[in-house]
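Novice: Have a peek at protein22.cif (mmCIF, C-alpha atoms).
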data_input
loop_
_atom_site.label_atom_id
_atom_site.label_comp_id
_atom_site.auth_asym_id
_atom_site.auth_seq_id
_atom_site.Cartn_x
_atom_site.Cartn_y
_atom_site.Cartn_z
CA MET A 5 0.00 0.00 0.00
CA MET A 6 1.41 3.39 -0.90
CA LEU A 7 -1.36 5.70 -2.11
CA HIS A 8 -2.72 6.29 1.40
CA HIS A 9 0.34 8.43 2.13
CA LEU A 10 -0.75 11.00 -0.47
CA GLU A 11 -2.84 14.06 0.36
CA PRO A 12 -5.70 15.20 -1.89
CA LEU A 13 -4.79 18.22 -3.96
CA PRO A 14 -7.11 21.20 -4.43
CA PRO A 15 -8.84 21.40 -7.80
CA ASP A 16 -7.34 23.61 -10.48
CA PRO A 17 -8.83 27.08 -9.81
CA LEU A 18 -9.66 27.72 -13.47
CA LEU A 19 -11.33 24.33 -13.94
CA GLY A 20 -13.28 24.91 -10.74
CA LEU A 21 -14.40 28.29 -12.04
CA THR A 22 -15.63 26.63 -15.25
CA ASP A 23 -17.62 24.08 -13.25
CA ARG A 24 -19.17 26.88 -11.23
CA PHE A 25 -20.08 28.79 -14.39
CA ASN A 26 -21.64 25.72 -15.99
CA SER A 27 -23.88 25.17 -12.96
CA ASP A 28 -25.02 28.83 -12.88
CA THR A 29 -28.61 29.03 -14.19
CA ARG A 30 -28.71 32.79 -14.82
CA ASP A 31 -29.36 33.77 -18.43
CA THR A 32 -27.15 36.83 -18.00
CA LYS A 33 -24.02 34.95 -16.92
CA VAL A 34 -20.78 35.75 -18.78
CA ASP A 35 -17.66 33.56 -18.81
CA LEU A 36 -14.53 35.72 -18.80
CA GLY A 37 -12.45 33.05 -17.09
CA VAL A 38 -11.63 30.21 -19.48
CA GLY A 39 -9.09 31.20 -22.14
CA MET A 40 -10.92 30.40 -25.35
CA TYR A 41 -11.95 32.76 -28.14
CA GLN A 42 -15.71 33.00 -28.64
CA ASN A 43 -17.65 34.55 -31.50
CA GLU A 44 -20.63 36.88 -31.22
CA ALA A 45 -22.93 33.89 -30.72
CA GLY A 46 -20.87 32.79 -27.70
CA GLU A 47 -19.49 29.78 -29.54
CA VAL A 48 -15.88 28.62 -29.85
CA PRO A 49 -15.94 28.55 -33.66
CA VAL A 50 -14.43 26.08 -36.08
CA MET A 51 -12.37 28.26 -38.42
CA ARG A 52 -13.33 28.09 -42.10
CA ALA A 53 -9.93 26.92 -43.30
CA ILE A 54 -9.76 24.32 -40.53
CA ARG A 55 -13.15 22.90 -41.52
CA LYS A 56 -12.05 22.59 -45.15
CA ALA A 57 -8.70 21.08 -44.19
CA GLU A 58 -10.37 18.53 -41.93
CA HIS A 59 -12.60 17.39 -44.78
CA ARG A 60 -9.51 16.93 -46.95
CA VAL A 61 -7.74 14.95 -44.25
CA LEU A 62 -10.70 12.65 -43.70
CA ASP A 63 -11.37 12.20 -47.42
CA SER A 64 -7.76 11.19 -48.04
CA LEU A 65 -7.50 8.91 -45.00
CA THR A 66 -6.40 5.40 -45.91
CA SER A 67 -4.72 4.32 -42.68
CA LEU A 68 -4.53 5.10 -38.98
CA ALA A 69 -0.94 3.89 -38.68
CA TYR A 70 1.66 5.85 -36.70
CA VAL A 71 3.07 8.86 -38.55
CA GLY A 72 6.56 8.65 -37.03
CA ALA A 73 8.50 10.32 -34.26
CA PRO A 74 8.74 13.91 -35.55
CA GLY A 75 4.99 14.13 -36.20
CA VAL A 76 2.94 14.97 -39.27
CA LYS A 77 5.41 15.97 -41.99
CA ALA A 78 3.47 18.96 -43.34
CA PHE A 79 3.06 20.36 -39.84
CA VAL A 80 6.68 19.99 -38.66
CA THR A 81 7.92 21.30 -42.03
CA HIS A 82 5.87 24.50 -41.99
CA ALA A 83 5.42 25.28 -38.28
CA PRO A 84 8.97 26.70 -37.87
CA THR A 85 8.47 29.06 -40.83
CA LEU A 86 5.27 30.34 -39.26
CA VAL A 87 7.24 31.82 -36.36
CA LEU A 88 10.77 32.19 -37.73
CA GLY A 89 9.99 33.35 -41.27
CA ASN A 90 13.20 33.39 -43.29
CA THR A 91 15.45 34.46 -40.44
CA VAL A 92 17.05 31.04 -39.92
CA SER A 93 18.22 28.38 -42.36
CA PRO A 94 16.09 25.22 -42.02
CA ASP A 95 19.21 23.10 -41.53
CA ARG A 96 19.66 24.78 -38.13
CA VAL A 97 16.12 24.05 -36.91
CA ALA A 98 14.91 20.99 -35.01
CA CYS A 99 11.15 20.54 -34.72
CA LEU A 100 8.96 17.95 -33.04
CA GLN A 101 5.17 17.86 -32.99
CA THR A 102 3.94 17.87 -29.39
CA ILE A 103 0.79 17.53 -27.36
CA ALA A 104 -0.16 21.20 -27.57
CA GLY A 105 1.97 24.10 -26.37
CA THR A 106 2.07 22.59 -22.89
CA GLY A 107 3.79 19.51 -24.30
CA ALA A 108 6.23 21.72 -26.22
CA LEU A 109 7.15 23.54 -23.03
CA TYR A 110 7.65 20.26 -21.19
CA LEU A 111 9.82 18.84 -23.97
CA ILE A 112 12.01 21.94 -24.15
CA MET A 113 12.39 22.22 -20.38
CA ALA A 114 13.30 18.52 -20.17
CA LEU A 115 15.86 19.05 -22.95
CA VAL A 116 17.36 21.97 -21.03
CA LYS A 117 17.56 19.83 -17.89
CA ARG A 118 19.44 17.14 -19.83
CA ALA A 119 21.81 19.61 -21.42
CA SER A 120 22.48 21.53 -18.22
CA PRO A 121 21.30 19.80 -15.02
CA ASP A 122 21.97 22.88 -12.89
CA ALA A 123 20.14 25.25 -15.24
CA THR A 124 17.79 27.89 -13.86
CA LEU A 125 14.59 28.89 -15.64
CA TRP A 126 13.63 32.55 -15.27
CA LEU A 127 9.90 33.23 -15.48
CA PRO A 128 8.17 36.59 -15.73
CA ASN A 129 6.11 37.73 -12.76
CA PRO A 130 3.25 37.29 -13.39
CA THR A 131 3.02 34.42 -15.87
CA TRP A 132 0.81 31.49 -16.84
CA PRO A 133 0.70 29.42 -13.62
CA ASN A 134 1.41 26.16 -15.44
CA HIS A 135 4.91 27.41 -16.33
CA HIS A 136 5.90 26.86 -12.70
CA GLN A 137 4.31 23.41 -12.56
CA ILE A 138 5.99 22.22 -15.76
CA ALA A 139 9.36 23.47 -14.54
CA GLU A 140 8.83 21.60 -11.26
CA GLN A 141 8.00 18.39 -13.14
CA THR A 142 11.19 18.63 -15.20
CA GLY A 143 13.32 19.42 -12.15
CA LEU A 144 14.44 22.87 -13.21
CA SER A 145 15.23 25.51 -10.64
CA VAL A 146 13.10 28.63 -11.06
CA LYS A 147 13.68 32.32 -10.51
CA THR A 148 11.35 35.15 -11.45
CA TYR A 149 11.89 38.58 -12.90
CA PRO A 150 9.52 41.55 -12.60
CA TYR A 151 7.50 42.02 -15.75
CA TYR A 152 4.32 43.99 -15.15
CA ASP A 153 3.35 46.86 -12.88
CA ARG A 154 -0.20 46.22 -11.71
CA ALA A 155 -0.61 49.82 -10.59
CA THR A 156 0.31 51.40 -13.91
CA HIS A 157 -0.59 48.45 -16.18
CA TRP A 158 2.71 48.77 -18.06
CA VAL A 159 5.53 46.33 -18.81
CA THR A 160 8.38 46.99 -16.36
CA LEU A 161 11.22 46.63 -18.87
CA GLU A 162 13.86 48.46 -16.83
CA ALA A 163 13.17 46.34 -13.74
CA ALA A 164 13.14 43.18 -15.85
CA MET A 165 16.48 44.01 -17.43
CA ASP A 166 17.98 44.87 -14.06
CA ALA A 167 16.95 41.47 -12.69
CA LEU A 168 18.08 39.59 -15.79
CA ALA A 169 21.52 41.15 -15.52
CA ASP A 170 22.10 38.30 -13.05
CA ALA A 171 21.21 35.65 -15.66
CA GLY A 172 24.10 33.92 -17.43
CA PRO A 173 25.03 31.04 -19.74
CA ASN A 174 23.51 28.42 -17.43
CA ASP A 175 20.14 30.15 -17.43
CA VAL A 176 17.08 30.09 -19.68
CA VAL A 177 14.73 33.08 -19.71
CA LEU A 178 11.13 32.58 -20.78
CA PHE A 179 9.33 35.35 -22.64
CA HIS A 180 5.78 35.38 -23.97
CA ALA A 181 6.22 36.06 -27.69
CA CYS A 182 3.00 38.10 -27.89
CA CYS A 183 -0.30 38.64 -26.07
CA HIS A 184 1.17 38.03 -22.62
CA ASN A 185 -0.91 35.72 -20.43
CA PRO A 186 -2.30 36.92 -18.03
CA THR A 187 -1.69 40.65 -18.49
CA GLY A 188 -1.96 41.43 -22.21
CA GLY A 189 1.10 43.67 -21.80
CA ASP A 190 3.76 43.22 -24.51
CA PRO A 191 7.15 44.88 -25.06
CA THR A 192 7.57 47.18 -28.04
CA VAL A 193 9.77 46.21 -30.99
CA LEU A 194 12.53 48.43 -29.57
CA GLN A 195 12.22 46.75 -26.19
CA TRP A 196 12.45 43.31 -27.81
CA GLU A 197 15.67 44.45 -29.46
CA GLN A 198 16.99 45.50 -26.05
CA LEU A 199 16.06 42.16 -24.50
CA ALA A 200 17.73 40.26 -27.35
CA ASP A 201 20.87 42.37 -26.92
CA LEU A 202 20.85 41.62 -23.20
CA ALA A 203 20.54 37.88 -23.89
CA HIS A 204 23.47 38.07 -26.29
CA THR A 205 25.60 40.06 -23.87
CA GLN A 206 24.79 37.96 -20.78
CA GLY A 207 24.86 34.68 -22.69
CA PHE A 208 21.58 33.33 -21.35
CA GLN A 209 19.29 31.17 -23.48
CA VAL A 210 15.79 32.30 -24.48
CA LEU A 211 12.54 30.31 -24.56
CA MET A 212 9.71 32.01 -26.46
CA ASP A 213 6.27 30.76 -25.44
CA THR A 214 4.01 31.32 -28.44
CA ALA A 215 0.34 30.62 -27.79
CA TYR A 216 -1.56 33.52 -29.37
CA LEU A 217 0.09 34.23 -32.70
CA GLY A 218 -2.04 36.56 -34.82
CA LEU A 219 -4.39 37.66 -32.04
CA GLY A 220 -2.36 40.72 -31.05
CA ASP A 221 -1.26 43.02 -33.84
CA GLY A 222 -1.29 40.44 -36.67
CA LEU A 223 0.58 37.34 -37.81
CA VAL A 224 3.66 39.19 -39.06
CA GLU A 225 3.81 41.63 -36.17
CA ASP A 226 3.29 39.00 -33.48
CA ALA A 227 6.19 36.91 -34.81
CA GLN A 228 8.63 39.84 -34.72
CA SER A 229 9.78 39.13 -31.17
CA ILE A 230 10.82 35.59 -32.12
CA GLN A 231 12.58 36.70 -35.27
CA ILE A 232 14.46 39.44 -33.41
CA MET A 233 15.77 36.79 -31.01
CA ALA A 234 16.60 34.38 -33.85
CA ASN A 235 18.55 37.08 -35.65
CA LYS A 236 20.74 37.87 -32.65
CA LEU A 237 21.16 34.56 -30.80
CA PRO A 238 22.96 31.38 -31.88
CA GLU A 239 20.39 29.20 -30.10
CA LEU A 240 16.71 29.72 -29.42
CA PHE A 241 13.84 27.65 -28.00
CA VAL A 242 10.26 28.20 -29.23
CA ALA A 243 7.17 26.49 -27.81
CA LEU A 244 4.31 26.86 -30.29
CA SER A 245 0.64 26.18 -29.56
CA ALA A 246 -1.94 25.90 -32.33
CA SER A 247 -4.91 25.91 -29.94
CA LYS A 248 -5.88 29.58 -30.06
CA SER A 249 -4.47 30.61 -33.43
CA PHE A 250 -6.21 27.76 -35.26
CA GLY A 251 -9.15 27.30 -32.89
CA ILE A 252 -8.22 23.66 -32.54
CA TYR A 253 -8.14 23.46 -28.75
CA ARG A 254 -9.28 19.89 -28.14
CA GLU A 255 -6.92 18.41 -30.75
CA ARG A 256 -3.87 19.47 -28.68
CA VAL A 257 -1.49 20.51 -31.45
CA GLY A 258 1.87 22.08 -30.70
CA ALA A 259 5.51 22.14 -31.75
CA ALA A 260 8.84 22.24 -29.91
CA ILE A 261 11.17 24.25 -32.12
CA VAL A 262 14.89 24.58 -31.42
CA VAL A 263 17.21 26.87 -33.37
CA THR A 264 20.81 25.65 -33.14
CA ARG A 265 24.14 26.99 -34.29
CA ASP A 266 24.70 24.23 -36.88
CA THR A 267 23.29 21.06 -38.41
CA ALA A 268 25.18 18.72 -36.10
CA ILE A 269 23.67 20.32 -32.98
CA ARG A 270 20.27 20.35 -34.68
CA ASP A 271 20.44 16.58 -35.11
CA ILE A 272 21.44 16.13 -31.49
CA ALA A 273 18.54 18.29 -30.29
CA GLN A 274 16.12 16.42 -32.52
CA SER A 275 17.26 13.04 -31.25
CA GLN A 276 17.14 14.11 -27.61
CA MET A 277 13.61 15.55 -27.91
CA THR A 278 12.46 12.43 -29.72
CA GLN A 279 13.73 10.23 -26.89
CA ILE A 280 12.10 12.43 -24.23
CA ALA A 281 8.80 12.23 -26.08
CA ARG A 282 9.19 8.46 -26.51
CA SER A 283 9.62 7.98 -22.77
CA THR A 284 6.60 10.11 -21.85
CA TYR A 285 3.81 9.92 -24.44
CA SER A 286 5.69 8.21 -27.29
CA LEU A 287 4.07 9.94 -30.29
CA ALA A 288 1.84 12.96 -30.75
CA PRO A 289 -1.70 12.34 -32.06
CA ALA A 290 -1.82 12.82 -35.82
CA HIS A 291 -5.24 14.20 -36.71
CA GLY A 292 -4.87 17.77 -35.46
CA GLY A 293 -1.36 18.04 -36.82
CA ALA A 294 -2.57 16.82 -40.20
CA VAL A 295 -5.34 19.44 -40.25
CA VAL A 296 -3.06 22.33 -39.30
CA GLY A 297 -0.34 21.03 -41.61
CA THR A 298 -2.82 20.97 -44.49
CA VAL A 299 -3.64 24.64 -43.88
CA LEU A 300 0.02 25.65 -43.65
CA ALA A 301 1.01 23.73 -46.79
CA ASP A 302 -1.77 25.03 -49.06
CA ASP A 303 -1.54 28.65 -50.25
CA ALA A 304 -5.30 29.14 -50.60
CA LEU A 305 -6.15 27.60 -47.24
CA TYR A 306 -3.31 29.50 -45.58
CA GLN A 307 -4.63 32.80 -46.91
CA GLU A 308 -8.16 31.98 -45.79
CA TRP A 309 -6.85 31.14 -42.32
CA ALA A 310 -4.70 34.30 -42.23
CA ASP A 311 -7.74 36.40 -43.17
CA GLU A 312 -9.83 34.83 -40.43
CA ILE A 313 -7.18 35.20 -37.73
CA GLU A 314 -6.94 38.87 -38.72
CA GLU A 315 -10.73 39.14 -38.31
CA MET A 316 -10.47 37.58 -34.87
CA GLY A 317 -7.65 39.92 -33.84
CA ALA A 318 -9.56 42.95 -35.11
CA ARG A 319 -12.63 41.85 -33.18
CA LEU A 320 -10.61 41.50 -29.97
CA ARG A 321 -9.25 45.01 -30.47
CA ALA A 322 -12.77 46.34 -31.03
CA LEU A 323 -14.02 44.62 -27.87
CA ARG A 324 -11.15 46.13 -25.90
CA ASN A 325 -12.04 49.59 -27.13
CA GLY A 326 -15.74 49.00 -26.51
CA LEU A 327 -15.22 47.90 -22.91
CA ALA A 328 -12.79 50.74 -22.20
CA ASP A 329 -15.18 53.30 -23.72
CA ARG A 330 -18.13 52.08 -21.66
CA LEU A 331 -16.13 51.99 -18.43
CA ALA A 332 -14.85 55.52 -19.08
CA ASN A 333 -18.41 56.76 -19.52
CA LEU A 334 -19.71 54.93 -16.44
CA THR A 335 -16.84 55.86 -14.11
CA GLY A 336 -16.03 59.28 -15.48
CA SER A 337 -12.34 58.35 -15.44
CA ASP A 338 -9.61 56.78 -17.55
CA ARG A 339 -8.93 54.11 -14.90
CA PHE A 340 -9.57 51.28 -17.38
CA ASP A 341 -8.05 52.91 -20.44
CA PHE A 342 -5.15 50.44 -20.29
CA ILE A 343 -7.51 47.74 -21.63
CA ARG A 344 -7.47 49.29 -25.10
CA HIS A 345 -3.65 49.34 -25.25
CA GLU A 346 -3.05 45.74 -24.16
CA LYS A 347 -3.07 42.87 -26.64
CA GLY A 348 -4.60 39.50 -27.22
CA MET A 349 -7.12 37.72 -25.08
CA PHE A 350 -6.28 38.76 -21.53
CA SER A 351 -6.08 41.77 -19.23
CA PHE A 352 -6.03 42.37 -15.48
CA LEU A 353 -8.94 44.55 -14.36
CA GLY A 354 -6.93 45.63 -11.34
CA ILE A 355 -9.71 44.95 -8.83
CA SER A 356 -9.53 42.89 -5.65
CA ALA A 357 -10.35 39.21 -5.25
CA ALA A 358 -13.33 40.24 -3.10
CA GLN A 359 -14.61 42.44 -5.92
CA VAL A 360 -14.16 39.54 -8.38
CA ASP A 361 -16.30 37.41 -6.04
CA GLN A 362 -18.89 40.18 -6.06
CA LEU A 363 -18.88 40.21 -9.87
CA ILE A 364 -19.58 36.49 -9.85
CA ASP A 365 -22.11 36.38 -7.01
CA GLN A 366 -24.17 39.46 -7.92
CA PHE A 367 -23.87 39.58 -11.69
CA GLY A 368 -22.72 36.17 -12.91
CA VAL A 369 -19.67 37.73 -14.54
CA TYR A 370 -16.95 35.12 -14.05
CA ALA A 371 -13.28 36.08 -13.85
CA VAL A 372 -10.16 34.63 -12.25
CA SER A 373 -9.52 35.79 -8.67
CA SER A 374 -6.46 37.75 -9.83
CA SER A 375 -8.97 39.86 -11.86
CA ARG A 376 -7.71 38.45 -15.15
CA ILE A 377 -10.46 38.55 -17.75
CA ASN A 378 -10.67 36.91 -21.15
CA ILE A 379 -11.53 39.60 -23.70
CA GLY A 380 -12.44 36.76 -26.06
CA GLY A 381 -15.41 35.93 -23.81
CA LEU A 382 -17.01 39.32 -24.43
CA ARG A 383 -19.62 40.06 -27.07
CA GLU A 384 -21.11 43.29 -28.35
CA ALA A 385 -24.36 42.07 -26.86
CA ASN A 386 -22.98 41.85 -23.31
CA LEU A 387 -20.51 44.74 -23.22
CA ASP A 388 -22.99 47.08 -21.53
CA TYR A 389 -23.93 44.46 -18.94
CA VAL A 390 -20.30 43.61 -18.10
CA ALA A 391 -19.23 47.26 -17.95
CA ASN A 392 -22.16 48.12 -15.66
CA ALA A 393 -21.33 45.18 -13.41
CA ILE A 394 -17.68 46.28 -13.09
CA ALA A 395 -18.66 49.90 -12.48
CA GLN A 396 -21.13 48.92 -9.74
CA VAL A 397 -18.62 46.65 -8.03
CA ILE A 398 -15.91 49.29 -7.82
CA ALA A 399 -18.42 51.90 -6.67
CA ASP A 400 -19.58 49.83 -3.66
#
Written as structure tokens, that's how I'd like the structure from this file.
Specialist:
Amino acid sequence: MMLHHLEPLPPDPLLGLTDRFNSDTRDTKVDLGVGMYQNEAGEVPVMRAIRKAEHRVLDSLTSLAYVGAPGVKAFVTHAPTLVLGNTVSPDRVACLQTIAGTGALYLIMALVKRASPDATLWLPNPTWPNHHQIAEQTGLSVKTYPYYDRATHWVTLEAAMDALADAGPNDVVLFHACCHNPTGGDPTVLQWEQLADLAHTQGFQVLMDTAYLGLGDGLVEDAQSIQIMANKLPELFVALSASKSFGIYRERVGAAIVVTRDTAIRDIAQSQMTQIARSTYSLAPAHGGAVVGTVLADDALYQEWADEIEEMGARLRALRNGLADRLANLTGSDRFDFIRHEKGMFSFLGISAAQVDQLIDQFGVYAVSSSRINIGGLREANLDYVANAIAQVIAD
């Protein structure tokens, strides 16, 4: 007997929030907690290009045999170009299809642990909570660097760079490539250049977590941070998630991408990641990778997908402006004006956990206790209701 020594763990706060929302019977309830993009009908849509690609994949299906260790060929061939563009020669790039972006992060962190057992992973404060849990599972030591000022709602670049001056060749620093989760605060292009220069000077490695490509300023603009790093650094780690950008959440499609200094190191990285995957989940599921790979490999489907992701990004920007405008009118202040300047799906409202509870209890507006809201859960039809709820809560 051994399991009786274990203690029960508390449920994941976000999953618990979803359960609570699902059991709420109010017609006016609004889910701003779970991080999925919803359309005006409140649905998580199947993108047009994805639907067409899935039909192609199913129509051409002749076997359900394994696709091999790297993953679906079309996906692992084109995924690196999606984020790196033409900045790096393909013979320097290792790529493995993973179980979503979470699997990519795990694979890369495990690779770092193998390459440098005493390595330290630097995480921004705040960051996606699962970053800490994945690092713990892979045995990496963790330090944090200041990233976001909750009072001013701005990225604290100077404080971040001061802290990272202590990072060196045995360290890996994680950055969110775009649409920072949970704050929505991103560095400017000039600031990314400064961070890349600091990495080059200090010699630390960089891991770019890329989960929201295209939902900030656009596909090209959102990839700039990665390409700036790739241009200046001999090695680079990129964890790519297809969940949000392709609306393919449940299929769990991701890629671990490693830029190396030469082909020999690329082959080593590829073999090491393949072995790590083999000893954990063996092979990534093929269907989602085949669907995304079909989109990336076909010019017409790619353009249709690019057009739709631009529509989604534009809608998020419009929702940000709409919420900020309504809150300005209701409060008579610019307190929430930061919402319009942040990017992607998330922002901190900057209210207390007690006020978040009040939003949920009185109005059925669900948010994470930190006051992080998912802009993608808003609709034109509920903007007035949500803004009124927030204004009433902060006025009490």
Novice: For the structure shown, which residues end up in the PyMOL selection byres ((chain A and resi 139) around 12)? Put them as a count of residues only, please?
Specialist: 33
Novice: List the neighbours of Val360 (chain A) out to 8 Å using all atoms listed in the file; skip same-chain residues closer than 4 positions along the sequence, and give me the result as a list in words.
Specialist: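 That gives Ile355, Ser356, Ile364, Tyr370, Ala371, Val372, Ser373 and Ser375 of chain A.
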Novice: Applying 12 Å and all atoms listed in the file, which residues near region 272-277 of chain A remain after dropping the ones on its own chain fewer than 6 positions away? List them as an MDAnalysis selection string.
Specialist: chainID A and resid 73:75 80 95:102 107:119 239:241 259:266 283:287
Novice: For the file shown, report as a list of chain:residue names the outcome of the PyMOL selection byres ((chain A and resi 389) around 10) at residue level.
Specialist: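 Taken over the shown coordinates, the PyMOL selection byres ((chain A and resi 389) around 10) returns A:Thr32, A:Lys33, A:Val34, A:Arg330, A:Phe367, A:Val369, A:Glu384, A:Ala385, A:Asn386, A:Leu387, A:Asp388, A:Val390, A:Ala391, A:Asn392, A:Ala393, A:Ile394, A:Ala395.
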Novice: Could you pull the residues within 9 Å of Arg60 (chain A), counting only C-alpha atoms, minus those fewer than 4 positions along the same chain, as a PyMOL selection string?
Specialist: chain A and resi 55-56+64-65+295+298
Novice: Quick one: everything within 12 Å of region 158-171 of chain A, counting all atoms listed in the file, minus sequence neighbours fewer than 6 positions away in the same chain. Send it as JSON, numbers by chain.
Specialist: {"A": [123, 124, 125, 126, 127, 128, 129, 130, 146, 147, 148, 149, 150, 151, 152, 177, 178, 179, 184, 187, 188, 189, 190, 191, 192, 194, 195, 196, 197, 198, 199, 200, 201, 202, 203, 204, 205, 206, 207, 208, 209, 210, 341, 342, 343, 345, 346, 347, 351, 352]}
Novice: Return the padded bounding box of region 117-129 of chain A as lines of an AutoDock Vina configuration file: axis-aligned, built from all atoms listed in the file, 3 Å added on each side, with centre and edge lengths in Å to one decimal.
Specialist:
center_x = 14.3
center_y = 27.4
center_z = -17.1
size_x = 22.4
size_y = 26.6
size_z = 14.7
Novice: From (1.7, 27.0, -29.5), in the file's coordinates, out to 12 Å: which residues are reached, counting only C-alpha atoms? Answer as a PyMOL selection string.
Specialist: chain A and resi 83-84+86-87+101-109+180-182+212-218+242-253+256-261+293+296
Novice: As an exercise, work out the distance from CA of Gln366 (chain A) to CA of Asn26 (chain A) in Å and give it to one decimal place.
Specialist: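 Between CA of Gln366 (chain A) and CA of Asn26 (chain A) the gap is 16.1 Å.
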Novice: Apply the PyMOL selection byres ((chain A and resi 231) around 8) to the structure shown and report the selected residues as number ranges by chain.
Specialist: A: 87-89, 91, 227-230, 232-235
Novice: How far is it from CA of Val397 (chain A) to CA of Pro14 (chain A), in Å with one decimal?
Specialist: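 According to the coordinates, CA of Val397 (chain A) and CA of Pro14 (chain A) are separated by 28.2 Å.
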